[in-house]
$ cat work.pdb   # PDB, C-alpha atoms
ATOM      1  CA  MET Y   1     105.941 110.881  94.698
ATOM      2  CA  GLY Y   2     109.217 109.765  96.173
ATOM      3  CA  SER Y   3     111.578 110.507  93.287
ATOM      4  CA  THR Y   4     114.061 113.332  93.674
ATOM      5  CA  LEU Y   5     115.457 113.099  90.142
ATOM      6  CA  VAL Y   6     112.651 114.849  88.308
ATOM      7  CA  SER Y   7     110.924 117.943  89.644
ATOM      8  CA  GLU Y   8     107.132 118.045  89.859
ATOM      9  CA  VAL Y   9     104.209 120.357  89.237
ATOM     10  CA  THR Y  10     100.942 120.410  91.161
ATOM     11  CA  LEU Y  11      97.822 119.732  89.108
ATOM     12  CA  GLU Y  12      95.385 122.323  90.425
ATOM     13  CA  SER Y  13      92.114 120.513  89.715
ATOM     14  CA  ALA Y  14      93.369 117.036  90.655
ATOM     15  CA  THR Y  15      92.029 115.115  93.630
ATOM     16  CA  GLY Y  16      94.319 115.824  96.574
ATOM     17  CA  LYS Y  17      96.310 118.253  94.388
ATOM     18  CA  ARG Y  18      98.198 115.334  92.826
ATOM     19  CA  LYS Y  19     101.731 116.180  91.706
ATOM     20  CA  MET Y  20     102.998 115.275  88.257
ATOM     21  CA  PRO Y  21     106.697 114.743  87.424
ATOM     22  CA  VAL Y  22     107.578 117.254  84.701
ATOM     23  CA  MET Y  23     109.151 114.590  82.496
ATOM     24  CA  GLY Y  24     107.351 111.425  81.490
ATOM     25  CA  LEU Y  25     108.144 108.531  79.189
ATOM     26  CA  GLY Y  26     105.840 108.322  76.190
ATOM     27  CA  THR Y  27     104.822 104.806  75.164
ATOM     28  CA  ALA Y  28     103.416 105.194  71.655
ATOM     29  CA  PRO Y  29     105.024 102.250  69.857
ATOM     30  CA  GLU Y  30     107.936 102.962  67.529
ATOM     31  CA  ALA Y  31     108.108 100.619  64.552
ATOM     32  CA  THR Y  32     111.891 100.882  64.587
ATOM     33  CA  SER Y  33     112.429 100.045  68.274
ATOM     34  CA  THR Y  34     113.939  96.680  69.193
ATOM     35  CA  VAL Y  35     113.127  97.229  72.876
ATOM     36  CA  THR Y  36     109.679  96.185  74.121
ATOM     37  CA  THR Y  37     107.478  98.690  75.920
ATOM     38  CA  LYS Y  38     107.570  96.546  79.045
ATOM     39  CA  ASP Y  39     111.382  96.501  79.159
ATOM     40  CA  ALA Y  40     111.574 100.226  78.359
ATOM     41  CA  VAL Y  41     109.224 101.121  81.230
ATOM     42  CA  LEU Y  42     111.175  98.905  83.627
ATOM     43  CA  GLU Y  43     114.478 100.452  82.574
ATOM     44  CA  ALA Y  44     112.998 103.947  82.923
ATOM     45  CA  ILE Y  45     111.778 103.173  86.455
ATOM     46  CA  LYS Y  46     115.281 101.960  87.341
ATOM     47  CA  GLN Y  47     116.696 105.254  86.053
ATOM     48  CA  GLY Y  48     114.273 107.367  88.070
ATOM     49  CA  TYR Y  49     111.396 108.056  85.685
ATOM     50  CA  ARG Y  50     108.065 108.049  87.549
ATOM     51  CA  HIS Y  51     105.630 109.395  84.964
ATOM     52  CA  PHE Y  52     104.389 107.200  82.095
ATOM     53  CA  ASP Y  53     102.129 108.305  79.288
ATOM     54  CA  ALA Y  54      99.950 105.672  77.609
ATOM     55  CA  ALA Y  55      96.746 105.640  75.546
ATOM     56  CA  SER Y  56      94.152 103.038  74.704
ATOM     57  CA  ALA Y  57      94.890 103.644  71.009
ATOM     58  CA  TYR Y  58      98.576 102.755  71.404
ATOM     59  CA  GLY Y  59      97.868  99.136  72.364
ATOM     60  CA  VAL Y  60     100.486  99.351  75.131
ATOM     61  CA  GLU Y  61      98.398  99.453  78.299
ATOM     62  CA  GLN Y  62      98.947  95.770  78.988
ATOM     63  CA  SER Y  63     102.741  96.094  78.652
ATOM     64  CA  VAL Y  64     102.820  99.186  80.869
ATOM     65  CA  GLY Y  65     100.739  97.353  83.475
ATOM     66  CA  GLU Y  66     103.041  94.327  83.390
ATOM     67  CA  ALA Y  67     106.077  96.579  83.865
ATOM     68  CA  ILE Y  68     104.473  98.275  86.882
ATOM     69  CA  ALA Y  69     103.608  94.917  88.434
ATOM     70  CA  GLU Y  70     107.174  93.700  87.915
ATOM     71  CA  ALA Y  71     108.697  96.932  89.279
ATOM     72  CA  LEU Y  72     106.661  96.466  92.465
ATOM     73  CA  GLN Y  73     107.646  92.822  92.696
ATOM     74  CA  LEU Y  74     111.341  93.694  92.267
ATOM     75  CA  GLY Y  75     111.080  96.465  94.854
ATOM     76  CA  LEU Y  76     112.129  99.151  92.337
ATOM     77  CA  ILE Y  77     109.272 101.223  93.774
ATOM     78  CA  ALA Y  78     107.717 100.893  97.215
ATOM     79  CA  SER Y  79     104.130 101.373  96.031
ATOM     80  CA  ARG Y  80     102.012 102.105  92.986
ATOM     81  CA  ASP Y  81     101.399 105.622  94.390
ATOM     82  CA  GLN Y  82     105.000 106.552  93.522
ATOM     83  CA  LEU Y  83     104.121 106.420  89.834
ATOM     84  CA  PHE Y  84     102.122 108.871  87.756
ATOM     85  CA  ILE Y  85     100.215 107.036  85.014
ATOM     86  CA  THR Y  86      98.330 108.772  82.220
ATOM     87  CA  THR Y  87      96.128 107.112  79.650
ATOM     88  CA  LYS Y  88      93.842 108.494  76.975
ATOM     89  CA  LEU Y  89      90.403 107.903  75.612
ATOM     90  CA  TRP Y  90      90.228 107.162  71.882
ATOM     91  CA  VAL Y  91      87.792 108.893  69.506
ATOM     92  CA  THR Y  92      85.619 105.775  69.209
ATOM     93  CA  ASP Y  93      84.800 106.064  72.937
ATOM     94  CA  ASN Y  94      84.436 109.849  72.946
ATOM     95  CA  HIS Y  95      80.720 109.758  73.839
ATOM     96  CA  PRO Y  96      79.071 110.502  77.210
ATOM     97  CA  GLN Y  97      77.891 106.925  77.789
ATOM     98  CA  THR Y  98      81.119 105.148  76.741
ATOM     99  CA  ILE Y  99      83.661 107.133  78.810
ATOM    100  CA  LEU Y 100      83.291 105.236  82.078
ATOM    101  CA  PRO Y 101      83.361 101.756  80.458
ATOM    102  CA  ALA Y 102      86.421 102.810  78.403
ATOM    103  CA  LEU Y 103      88.283 103.887  81.548
ATOM    104  CA  GLN Y 104      87.278 100.714  83.394
ATOM    105  CA  LYS Y 105      88.607  98.682  80.474
ATOM    106  CA  SER Y 106      91.903 100.619  80.518
ATOM    107  CA  LEU Y 107      92.223 100.047  84.267
ATOM    108  CA  ARG Y 108      91.696  96.293  83.839
ATOM    109  CA  THR Y 109      94.291  96.183  81.053
ATOM    110  CA  LEU Y 110      96.782  98.213  83.135
ATOM    111  CA  GLN Y 111      95.969  96.075  86.225
ATOM    112  CA  LEU Y 112      95.463  99.277  88.216
ATOM    113  CA  GLU Y 113      92.832 100.487  90.683
ATOM    114  CA  TYR Y 114      93.163 104.059  89.453
ATOM    115  CA  ILE Y 115      95.157 106.171  87.009
ATOM    116  CA  ASP Y 116      96.560 109.609  87.742
ATOM    117  CA  LEU Y 117      95.361 111.360  84.609
ATOM    118  CA  TYR Y 118      92.712 110.540  82.003
ATOM    119  CA  LEU Y 119      92.829 112.550  78.772
ATOM    120  CA  ILE Y 120      90.484 113.019  75.820
ATOM    121  CA  HIS Y 121      92.940 112.127  73.036
ATOM    122  CA  TRP Y 122      91.411 114.358  70.320
ATOM    123  CA  PRO Y 123      88.463 116.796  70.221
ATOM    124  CA  ILE Y 124      86.819 114.420  67.765
ATOM    125  CA  ALA Y 125      84.196 111.685  68.139
ATOM    126  CA  THR Y 126      83.633 108.815  65.720
ATOM    127  CA  LYS Y 127      81.210 105.920  65.509
ATOM    128  CA  PRO Y 128      82.158 103.209  68.024
ATOM    129  CA  GLY Y 129      84.390 100.483  66.616
ATOM    130  CA  LYS Y 130      88.000  99.427  66.225
ATOM    131  CA  VAL Y 131      90.967 101.794  66.384
ATOM    132  CA  VAL Y 132      91.796 102.832  62.830
ATOM    133  CA  TYR Y 133      94.538 105.334  62.060
ATOM    134  CA  PRO Y 134      94.313 107.689  60.275
ATOM    135  CA  ILE Y 135      90.661 108.277  61.179
ATOM    136  CA  GLU Y 136      88.281 108.136  58.218
ATOM    137  CA  VAL Y 137      86.402 111.433  58.009
ATOM    138  CA  SER Y 138      83.223 109.520  57.089
ATOM    139  CA  GLU Y 139      83.295 107.931  60.576
ATOM    140  CA  ILE Y 140      83.164 111.284  62.399
ATOM    141  CA  VAL Y 141      80.054 112.190  64.372
ATOM    142  CA  GLU Y 142      79.274 115.251  66.480
ATOM    143  CA  PHE Y 143      81.470 115.619  69.559
ATOM    144  CA  ASP Y 144      79.219 116.266  72.559
ATOM    145  CA  MET Y 145      81.861 118.107  74.556
ATOM    146  CA  GLN Y 146      79.599 118.980  77.471
ATOM    147  CA  GLY Y 147      78.182 115.465  77.828
ATOM    148  CA  VAL Y 148      81.614 113.899  77.510
ATOM    149  CA  TRP Y 149      83.150 116.244  80.069
ATOM    150  CA  GLY Y 150      80.341 115.448  82.530
ATOM    151  CA  SER Y 151      81.328 111.784  82.238
ATOM    152  CA  MET Y 152      85.017 112.622  82.666
ATOM    153  CA  GLU Y 153      84.183 114.526  85.869
ATOM    154  CA  GLU Y 154      82.249 111.492  87.080
ATOM    155  CA  CYS Y 155      85.361 109.321  86.549
ATOM    156  CA  GLN Y 156      87.332 111.662  88.821
ATOM    157  CA  ARG Y 157      84.571 111.787  91.458
ATOM    158  CA  LEU Y 158      84.486 107.991  91.504
ATOM    159  CA  GLY Y 159      88.239 107.930  92.195
ATOM    160  CA  LEU Y 160      89.074 105.986  89.029
ATOM    161  CA  THR Y 161      91.359 108.824  87.993
ATOM    162  CA  LYS Y 162      93.011 111.518  90.116
ATOM    163  CA  ALA Y 163      92.778 114.126  87.371
ATOM    164  CA  ILE Y 164      91.140 114.687  84.002
ATOM    165  CA  GLY Y 165      92.281 116.643  80.995
ATOM    166  CA  VAL Y 166      92.369 116.999  77.252
ATOM    167  CA  SER Y 167      94.791 116.676  74.372
ATOM    168  CA  ASN Y 168      95.038 118.641  71.127
ATOM    169  CA  PHE Y 169      92.574 121.325  72.271
ATOM    170  CA  SER Y 170      92.782 124.839  70.799
ATOM    171  CA  ILE Y 171      92.160 127.985  72.865
ATOM    172  CA  LYS Y 172      88.685 128.217  71.345
ATOM    173  CA  LYS Y 173      87.824 124.659  72.422
ATOM    174  CA  LEU Y 174      89.313 125.182  75.895
ATOM    175  CA  LYS Y 175      87.168 128.312  76.321
ATOM    176  CA  LYS Y 176      84.078 126.321  75.415
ATOM    177  CA  LEU Y 177      85.046 123.550  77.854
ATOM    178  CA  LEU Y 178      85.749 126.005  80.683
ATOM    179  CA  SER Y 179      82.342 127.628  80.161
ATOM    180  CA  PHE Y 180      80.566 124.557  81.591
ATOM    181  CA  ALA Y 181      83.232 122.516  83.418
ATOM    182  CA  THR Y 182      82.697 121.964  87.155
ATOM    183  CA  ILE Y 183      86.153 120.392  87.379
ATOM    184  CA  PRO Y 184      88.414 122.278  84.954
ATOM    185  CA  PRO Y 185      90.896 120.262  82.874
ATOM    186  CA  ALA Y 186      94.159 119.726  84.766
ATOM    187  CA  VAL Y 187      96.178 119.245  81.573
ATOM    188  CA  ASN Y 188      96.141 119.985  77.855
ATOM    189  CA  GLN Y 189      98.618 117.694  76.084
ATOM    190  CA  VAL Y 190      99.690 119.247  72.798
ATOM    191  CA  GLU Y 191     102.632 119.411  70.441
ATOM    192  CA  VAL Y 192     105.264 121.836  71.741
ATOM    193  CA  ASN Y 193     108.863 121.895  70.561
ATOM    194  CA  LEU Y 194     111.383 124.456  69.383
ATOM    195  CA  GLY Y 195     109.838 124.245  65.909
ATOM    196  CA  TRP Y 196     106.291 124.760  67.228
ATOM    197  CA  GLN Y 197     106.514 126.895  70.336
ATOM    198  CA  GLN Y 198     102.773 127.545  70.911
ATOM    199  CA  VAL Y 199     103.247 130.914  72.609
ATOM    200  CA  LYS Y 200      99.557 131.986  72.631
ATOM    201  CA  LEU Y 201      98.204 128.634  73.783
ATOM    202  CA  ARG Y 202     100.807 128.436  76.552
ATOM    203  CA  GLN Y 203      99.898 131.913  77.766
ATOM    204  CA  PHE Y 204      96.183 131.057  77.809
ATOM    205  CA  CYS Y 205      96.715 127.806  79.706
ATOM    206  CA  LYS Y 206      98.959 129.545  82.222
ATOM    207  CA  GLU Y 207      96.258 132.137  82.933
ATOM    208  CA  LYS Y 208      93.678 129.393  83.427
ATOM    209  CA  GLY Y 209      95.832 127.158  85.624
ATOM    210  CA  ILE Y 210      95.947 124.379  83.005
ATOM    211  CA  THR Y 211      99.250 122.476  82.883
ATOM    212  CA  ILE Y 212     100.592 121.863  79.392
ATOM    213  CA  THR Y 213     102.229 118.550  78.591
ATOM    214  CA  ALA Y 214     104.292 118.712  75.414
ATOM    215  CA  PHE Y 215     104.319 115.744  73.064
ATOM    216  CA  SER Y 216     106.887 115.471  70.244
ATOM    217  CA  PRO Y 217     109.209 117.637  72.388
ATOM    218  CA  LEU Y 218     112.146 116.785  70.119
ATOM    219  CA  ARG Y 219     110.033 117.278  67.029
ATOM    220  CA  LYS Y 220     110.130 113.721  65.660
ATOM    221  CA  GLY Y 221     111.971 110.460  65.593
ATOM    222  CA  ALA Y 222     114.535 109.633  62.918
ATOM    223  CA  SER Y 223     111.992 107.284  61.325
ATOM    224  CA  ARG Y 224     110.151 110.301  59.904
ATOM    225  CA  GLY Y 225     113.016 111.747  57.889
ATOM    226  CA  ALA Y 226     114.905 114.987  58.522
ATOM    227  CA  ASN Y 227     114.295 116.704  61.827
ATOM    228  CA  PHE Y 228     114.549 120.460  61.507
ATOM    229  CA  VAL Y 229     114.825 120.896  65.266
ATOM    230  CA  LEU Y 230     117.509 118.389  66.222
ATOM    231  CA  ASP Y 231     119.371 119.055  62.964
ATOM    232  CA  ASN Y 232     119.037 122.813  63.342
ATOM    233  CA  ASP Y 233     122.370 124.672  63.243
ATOM    234  CA  VAL Y 234     121.293 127.041  66.015
ATOM    235  CA  ILE Y 235     120.487 124.128  68.323
ATOM    236  CA  LYS Y 236     123.737 122.340  67.427
ATOM    237  CA  GLU Y 237     125.623 125.544  68.229
ATOM    238  CA  LEU Y 238     123.890 125.871  71.620
ATOM    239  CA  ALA Y 239     124.553 122.202  72.344
ATOM    240  CA  ASP Y 240     128.266 122.669  71.653
ATOM    241  CA  ALA Y 241     128.413 125.830  73.764
ATOM    242  CA  HIS Y 242     126.822 124.079  76.763
ATOM    243  CA  GLY Y 243     128.503 120.711  76.255
ATOM    244  CA  LYS Y 244     125.064 119.090  75.928
ATOM    245  CA  THR Y 245     123.169 117.176  73.265
ATOM    246  CA  ALA Y 246     120.679 118.883  70.947
ATOM    247  CA  ALA Y 247     117.901 116.908  72.667
ATOM    248  CA  GLN Y 248     118.973 118.223  76.069
ATOM    249  CA  ILE Y 249     118.795 121.813  74.763
ATOM    250  CA  CYS Y 250     115.228 121.176  73.528
ATOM    251  CA  LEU Y 251     114.101 119.613  76.806
ATOM    252  CA  ARG Y 252     115.797 122.230  78.976
ATOM    253  CA  TRP Y 253     113.929 124.939  77.037
ATOM    254  CA  LEU Y 254     110.592 123.208  77.723
ATOM    255  CA  TYR Y 255     111.498 122.854  81.395
ATOM    256  CA  GLU Y 256     112.371 126.546  81.677
ATOM    257  CA  GLN Y 257     108.961 127.379  80.167
ATOM    258  CA  ASP Y 258     107.363 125.556  83.152
ATOM    259  CA  LEU Y 259     106.023 122.886  80.825
ATOM    260  CA  THR Y 260     105.733 119.183  81.432
ATOM    261  CA  PHE Y 261     106.686 116.881  78.569
ATOM    262  CA  VAL Y 262     106.769 113.260  77.464
ATOM    263  CA  VAL Y 263     109.891 111.981  75.759
ATOM    264  CA  LYS Y 264     109.710 108.866  73.685
ATOM    265  CA  SER Y 265     112.995 107.052  73.700
ATOM    266  CA  TYR Y 266     113.335 103.378  74.551
ATOM    267  CA  ASP Y 267     117.106 103.662  74.231
ATOM    268  CA  LYS Y 268     118.841 103.238  77.594
ATOM    269  CA  GLU Y 269     121.553 105.815  76.977
ATOM    270  CA  ARG Y 270     119.187 108.462  75.606
ATOM    271  CA  MET Y 271     116.802 107.906  78.518
ATOM    272  CA  LYS Y 272     119.673 108.761  80.829
ATOM    273  CA  GLN Y 273     120.668 111.835  78.776
ATOM    274  CA  ASN Y 274     117.087 113.097  78.850
ATOM    275  CA  LEU Y 275     117.241 113.132  82.654
ATOM    276  CA  GLY Y 276     120.353 115.348  82.539
ATOM    277  CA  ILE Y 277     118.560 118.660  82.112
ATOM    278  CA  PHE Y 278     117.879 119.825  85.651
ATOM    279  CA  ASP Y 279     121.228 121.252  86.801
ATOM    280  CA  TRP Y 280     122.134 123.921  84.214
ATOM    281  CA  SER Y 281     120.426 126.814  82.393
ATOM    282  CA  LEU Y 282     119.997 128.486  79.044
ATOM    283  CA  THR Y 283     121.149 132.110  78.667
ATOM    284  CA  GLU Y 284     119.300 135.192  77.414
ATOM    285  CA  ASP Y 285     121.346 134.981  74.247
ATOM    286  CA  ASP Y 286     120.236 131.357  73.787
ATOM    287  CA  TYR Y 287     116.619 132.520  74.073
ATOM    288  CA  LYS Y 288     117.122 135.154  71.409
ATOM    289  CA  LYS Y 289     118.449 132.513  69.000
ATOM    290  CA  ILE Y 290     115.660 130.076  69.907
ATOM    291  CA  SER Y 291     112.983 132.708  69.204
ATOM    292  CA  GLU Y 292     114.177 132.927  65.602
ATOM    293  CA  ILE Y 293     113.631 129.256  64.734
ATOM    294  CA  TYR Y 294     111.200 128.651  61.866
ATOM    295  CA  GLN Y 295     107.762 127.565  63.157
ATOM    296  CA  GLU Y 296     105.554 124.863  61.667
ATOM    297  CA  ARG Y 297     103.183 122.357  63.213
ATOM    298  CA  LEU Y 298     104.432 118.771  62.795
ATOM    299  CA  ILE Y 299     101.359 116.745  63.788
ATOM    300  CA  LYS Y 300      98.635 118.240  61.614
ATOM    301  CA  GLY Y 301      95.834 115.910  62.663
ATOM    302  CA  PRO Y 302      94.699 112.286  62.920
ATOM    303  CA  THR Y 303      92.223 112.292  60.042
ATOM    304  CA  LYS Y 304      92.385 111.670  56.335
ATOM    305  CA  PRO Y 305      91.787 114.163  54.774
ATOM    306  CA  LEU Y 306      92.710 116.769  57.418
ATOM    307  CA  LEU Y 307      89.887 118.687  59.113
ATOM    308  CA  ASP Y 308      89.559 122.418  58.482
ATOM    309  CA  ASP Y 309      88.498 123.388  61.984
ATOM    310  CA  LEU Y 310      90.635 121.059  64.132
ATOM    311  CA  TRP Y 311      92.995 123.819  65.327
ATOM    312  CA  ASP Y 312      90.563 126.714  64.804
ATOM    313  CA  GLU Y 313      93.151 128.634  62.754
ATOM    314  CA  GLU Y 314      95.326 129.163  65.830
TER     315      GLU Y 314
END

$ encode --input "work.pdb" --output "structure tokens"
Amino acid sequence: MGSTLVSEVTLESATGKRKMPVMGLGTAPEATSTVTTKDAVLEAIKQGYRHFDAASAYGVEQSVGEAIAEALQLGLIASRDQLFITTKLWVTDNHPQTILPALQKSLRTLQLEYIDLYLIHWPIATKPGKVVYPIEVSEIVEFDMQGVWGSMEECQRLGLTKAIGVSNFSIKKLKKLLSFATIPPAVNQVEVNLGWQQVKLRQFCKEKGITITAFSPLRKGASRGANFVLDNDVIKELADAHGKTAAQICLRWLYEQDLTFVVKSYDKERMKQNLGIFDWSLTEDDYKKISEIYQERLIKGPTKPLLDDLWDEE
């Protein structure tokens, strides 16, 4: 991929065994941010980020595409192939016949010939229509996982994406998917952070050769109130001991678990700090303290009310 700053993992089921930088920049819009997505992506490319995580539901694909075009024009990257671009399919398009058109629309918006990774955003399908969040439960229809996955595989065979994967899938749903998949999912993007460590799911994915990408790796932004990971005394203590920030402790832990992760900071200084995790290590004693952190899922689901079987009690 041409960037030495961030190490990479090989996606086993990707076309040409595409490599993915372990750290990506998430682009879900932050209400509080004064920096535009386009400027944030450009700044990140300048700093050495090569992996960008978008989604059709975020409304940012156009901005990400404009940033890529400008980065090429400015010579910040030699070619589009040096970047790893992920986007996701929203629940309204989560039907066998709408997958391909949804990806083609995303590609047009991003001004790209192909993306590196296409993800099913949630294991939920709704009636086609506009993006509404939270999702109204009355809009939900049956999710034809096998039909949808067949269409995802077709997208990869056509070369429109180098790899395909899922997001927010439980072990139970992954088992079902693997029972009929010809191309297994390269990635499962789920919440993983020190406050939701996902030990069982990580073990399962490791056994199956599925790369996990962690979202909300720092738990949550300041806009959502207290953060019991970044404000955790144990983490603060570790940060002081290592001369690092609390965020760097969190990200280093993810990295040492062989996870990939998307960090969502448009702040120039924090972007730089987030890159500073590759040249030091946590100790066994650190691990012992980390294992004692209280566990609770932050992102409980995209629907209102919440669904009983979304996480399959895992």

$ atom_distance --input "work.pdb" --atom1 "atom CA of Trp90 of chain Y" --atom2 "atom CA of Leu174 of chain Y"
18.5 Å

$ closest_residue --input "work.pdb" --among "Y:Arg252, Y:Lys264, Y:Arg297, Y:His95" --to "Asp279 of chain Y" --atoms "all atoms listed in the file"
Y:Arg252

$ residues_around --input "work.pdb" --residues "Thr245 of chain Y" --least-positions-apart "2" --cutoff "10 Å" --atoms "all atoms listed in the file" --output "list in words"
Leu230, Ile235, Lys236, Leu238, Ala239, Asp240, His242, Gly243, Ala247, Gln248, Ile249, Cys250, Arg270, Gln273, Asn274 and Gly276 of chain Y

$ resolve_selection --input "work.pdb" --expression "the PyMOL selection byres ((chain Y and resi 42) around 9)" --output "list of chain:residue names"
Y:Thr37, Y:Lys38, Y:Asp39, Y:Ala40, Y:Val41, Y:Glu43, Y:Ala44, Y:Ile45, Y:Lys46, Y:Gln47, Y:Val64, Y:Ala67, Y:Ile68, Y:Glu70, Y:Ala71, Y:Leu76

$ closest_residue --input "work.pdb" --among "Y:Lys176, Y:Arg219, Y:His51, Y:Lys17" --to "Val192 of chain Y" --atoms "only C-alpha atoms"
Y:Arg219

$ atom_distance --input "work.pdb" --atom1 "atom CA of Val9 of chain Y" --atom2 "atom CA of Gly301 of chain Y"
28.2 Å

$ residues_around --input "work.pdb" --residues "Asp267 of chain Y" --least-positions-apart "5" --cutoff "9 Å" --atoms "only C-alpha atoms" --output "MDAnalysis selection string"
chainID Y and resid 33 35 40 272

$ resolve_selection --input "work.pdb" --expression "the PyMOL selection byres ((chain Y and resi 160) around 10)" --output "PDB file with C-alpha atoms, in the frame of the given file"
ATOM      1  CA  LEU Y 100      83.291 105.236  82.078  1.00  0.00           C
ATOM      2  CA  LEU Y 103      88.283 103.887  81.548  1.00  0.00           C
ATOM      3  CA  GLN Y 104      87.278 100.714  83.394  1.00  0.00           C
ATOM      4  CA  LEU Y 107      92.223 100.047  84.267  1.00  0.00           C
ATOM      5  CA  LEU Y 112      95.463  99.277  88.216  1.00  0.00           C
ATOM      6  CA  GLU Y 113      92.832 100.487  90.683  1.00  0.00           C
ATOM      7  CA  TYR Y 114      93.163 104.059  89.453  1.00  0.00           C
ATOM      8  CA  ILE Y 115      95.157 106.171  87.009  1.00  0.00           C
ATOM      9  CA  ASP Y 116      96.560 109.609  87.742  1.00  0.00           C
ATOM     10  CA  LEU Y 117      95.361 111.360  84.609  1.00  0.00           C
ATOM     11  CA  TYR Y 118      92.712 110.540  82.003  1.00  0.00           C
ATOM     12  CA  GLU Y 154      82.249 111.492  87.080  1.00  0.00           C
ATOM     13  CA  CYS Y 155      85.361 109.321  86.549  1.00  0.00           C
ATOM     14  CA  GLN Y 156      87.332 111.662  88.821  1.00  0.00           C
ATOM     15  CA  ARG Y 157      84.571 111.787  91.458  1.00  0.00           C
ATOM     16  CA  LEU Y 158      84.486 107.991  91.504  1.00  0.00           C
ATOM     17  CA  GLY Y 159      88.239 107.930  92.195  1.00  0.00           C
ATOM     18  CA  THR Y 161      91.359 108.824  87.993  1.00  0.00           C
ATOM     19  CA  LYS Y 162      93.011 111.518  90.116  1.00  0.00           C
ATOM     20  CA  ALA Y 163      92.778 114.126  87.371  1.00  0.00           C
TER      21      ALA Y 163
END

$ closest_atom_pairs --input "work.pdb" --of "segment 95-209 of chain Y" --to "segment 281-290 of chain Y" --cutoff "12 Å" --atoms "all atoms listed in the file" --output "CSV"
residue,atom,partner,partner_atom,distance
Y:Asn193,CA,Y:Ile290,CA,10.7
Y:Leu194,CA,Y:Ile290,CA,7.1
Y:Gly195,CA,Y:Ile290,CA,9.2
Y:Trp196,CA,Y:Ile290,CA,11.1
Y:Gln197,CA,Y:Ile290,CA,9.7

$ resolve_selection --input "work.pdb" --expression "the PyMOL selection byres ((chain Y and resi 302) around 12)" --output "list in words"
Ala57, Trp90, Val91, His121, Trp122, Pro123, Ile124, Ala125, Thr126, Val131, Val132, Tyr133, Pro134, Ile135, Glu136, Val137, Ile140, Asn168, Leu298, Ile299, Lys300, Gly301, Thr303, Lys304, Pro305, Leu306, Leu307, Leu310 and Trp311 of chain Y

$ atom_distance --input "work.pdb" --atom1 "atom CA of Gly24 of chain Y" --atom2 "atom CA of Leu201 of chain Y"
21.0 Å

$ residues_around --input "work.pdb" --residues "Leu251 of chain Y" --least-positions-apart "2" --cutoff "10 Å" --atoms "all atoms listed in the file" --output "PyMOL selection string"
chain Y and resi 23+193-194+214+217-218+246-249+253-257+259-263+274-278

$ write_last_selection --input "work.pdb" --atoms "C-alpha atoms" --output "compact mmCIF listing (two decimals), in the coordinates of the input"
# COMPACT_ATOMS: atom_id res chain seq x y z
CA MET Y 23 109.15 114.59 82.50
CA ASN Y 193 108.86 121.90 70.56
CA LEU Y 194 111.38 124.46 69.38
CA ALA Y 214 104.29 118.71 75.41
CA PRO Y 217 109.21 117.64 72.39
CA LEU Y 218 112.15 116.78 70.12
CA ALA Y 246 120.68 118.88 70.95
CA ALA Y 247 117.90 116.91 72.67
CA GLN Y 248 118.97 118.22 76.07
CA ILE Y 249 118.80 121.81 74.76
CA TRP Y 253 113.93 124.94 77.04
CA LEU Y 254 110.59 123.21 77.72
CA TYR Y 255 111.50 122.85 81.40
CA GLU Y 256 112.37 126.55 81.68
CA GLN Y 257 108.96 127.38 80.17
CA LEU Y 259 106.02 122.89 80.82
CA THR Y 260 105.73 119.18 81.43
CA PHE Y 261 106.69 116.88 78.57
CA VAL Y 262 106.77 113.26 77.46
CA VAL Y 263 109.89 111.98 75.76
CA ASN Y 274 117.09 113.10 78.85
CA LEU Y 275 117.24 113.13 82.65
CA GLY Y 276 120.35 115.35 82.54
CA ILE Y 277 118.56 118.66 82.11
CA PHE Y 278 117.88 119.82 85.65

$ axis_aligned_box --input "work.pdb" --around "segment 230-249 of chain Y" --padding-each-side "5 Å" --output "lines of an AutoDock Vina configuration file"
center_x = 123.0
center_y = 122.0
center_z = 69.9
size_x = 21.0
size_y = 20.1
size_z = 23.8

$ closest_residue --input "work.pdb" --among "Y:Val141, Y:Ala181, Y:Val199, Y:Leu119" --to "Phe169 of chain Y" --atoms "only C-alpha atoms"
Y:Leu119

$ closest_residue --input "work.pdb" --among "Y:Gln189, Y:Thr109, Y:Thr32, Y:Ser13" --to "Gly59 of chain Y" --atoms "all atoms listed in the file"
Y:Thr109

$ closest_residue --input "work.pdb" --among "Y:Lys268, Y:Arg50, Y:Lys244, Y:Lys206" --to "Asp81 of chain Y" --atoms "all atoms listed in the file"
Y:Arg50

$ closest_residue --input "work.pdb" --among "Y:Ser56, Y:Asn188, Y:Thr182, Y:Gln82" --to "Met152 of chain Y" --atoms "all atoms listed in the file"
Y:Thr182

$ decode --input "work.pdb" --residues "segment 78-83 of chain Y" --atoms "N, CA and C atoms" --output "CSV table (one decimal), in the first residue's frame"
chain,number,residue,atom,x,y,z
Y,78,ALA,N,0.6,8.6,-4.8
Y,78,ALA,CA,0.9,8.4,-6.2
Y,78,ALA,C,-0.2,7.8,-7.0
Y,79,SER,N,-1.1,7.0,-6.3
Y,79,SER,CA,-2.2,6.4,-7.0
Y,79,SER,C,-3.3,6.0,-6.0
Y,80,ARG,N,-4.5,5.9,-6.6
Y,80,ARG,CA,-5.7,5.5,-5.8
Y,80,ARG,C,-5.4,4.2,-5.0
Y,81,ASP,N,-4.6,3.3,-5.7
Y,81,ASP,CA,-4.3,2.0,-5.1
Y,81,ASP,C,-3.6,2.0,-3.7
Y,82,GLN,N,-3.0,3.2,-3.4
Y,82,GLN,CA,-2.4,3.3,-2.1
Y,82,GLN,C,-3.3,3.5,-1.0
Y,83,LEU,N,-4.6,3.7,-1.3
Y,83,LEU,CA,-5.6,3.9,-0.2
Y,83,LEU,C,-6.5,2.7,-0.1
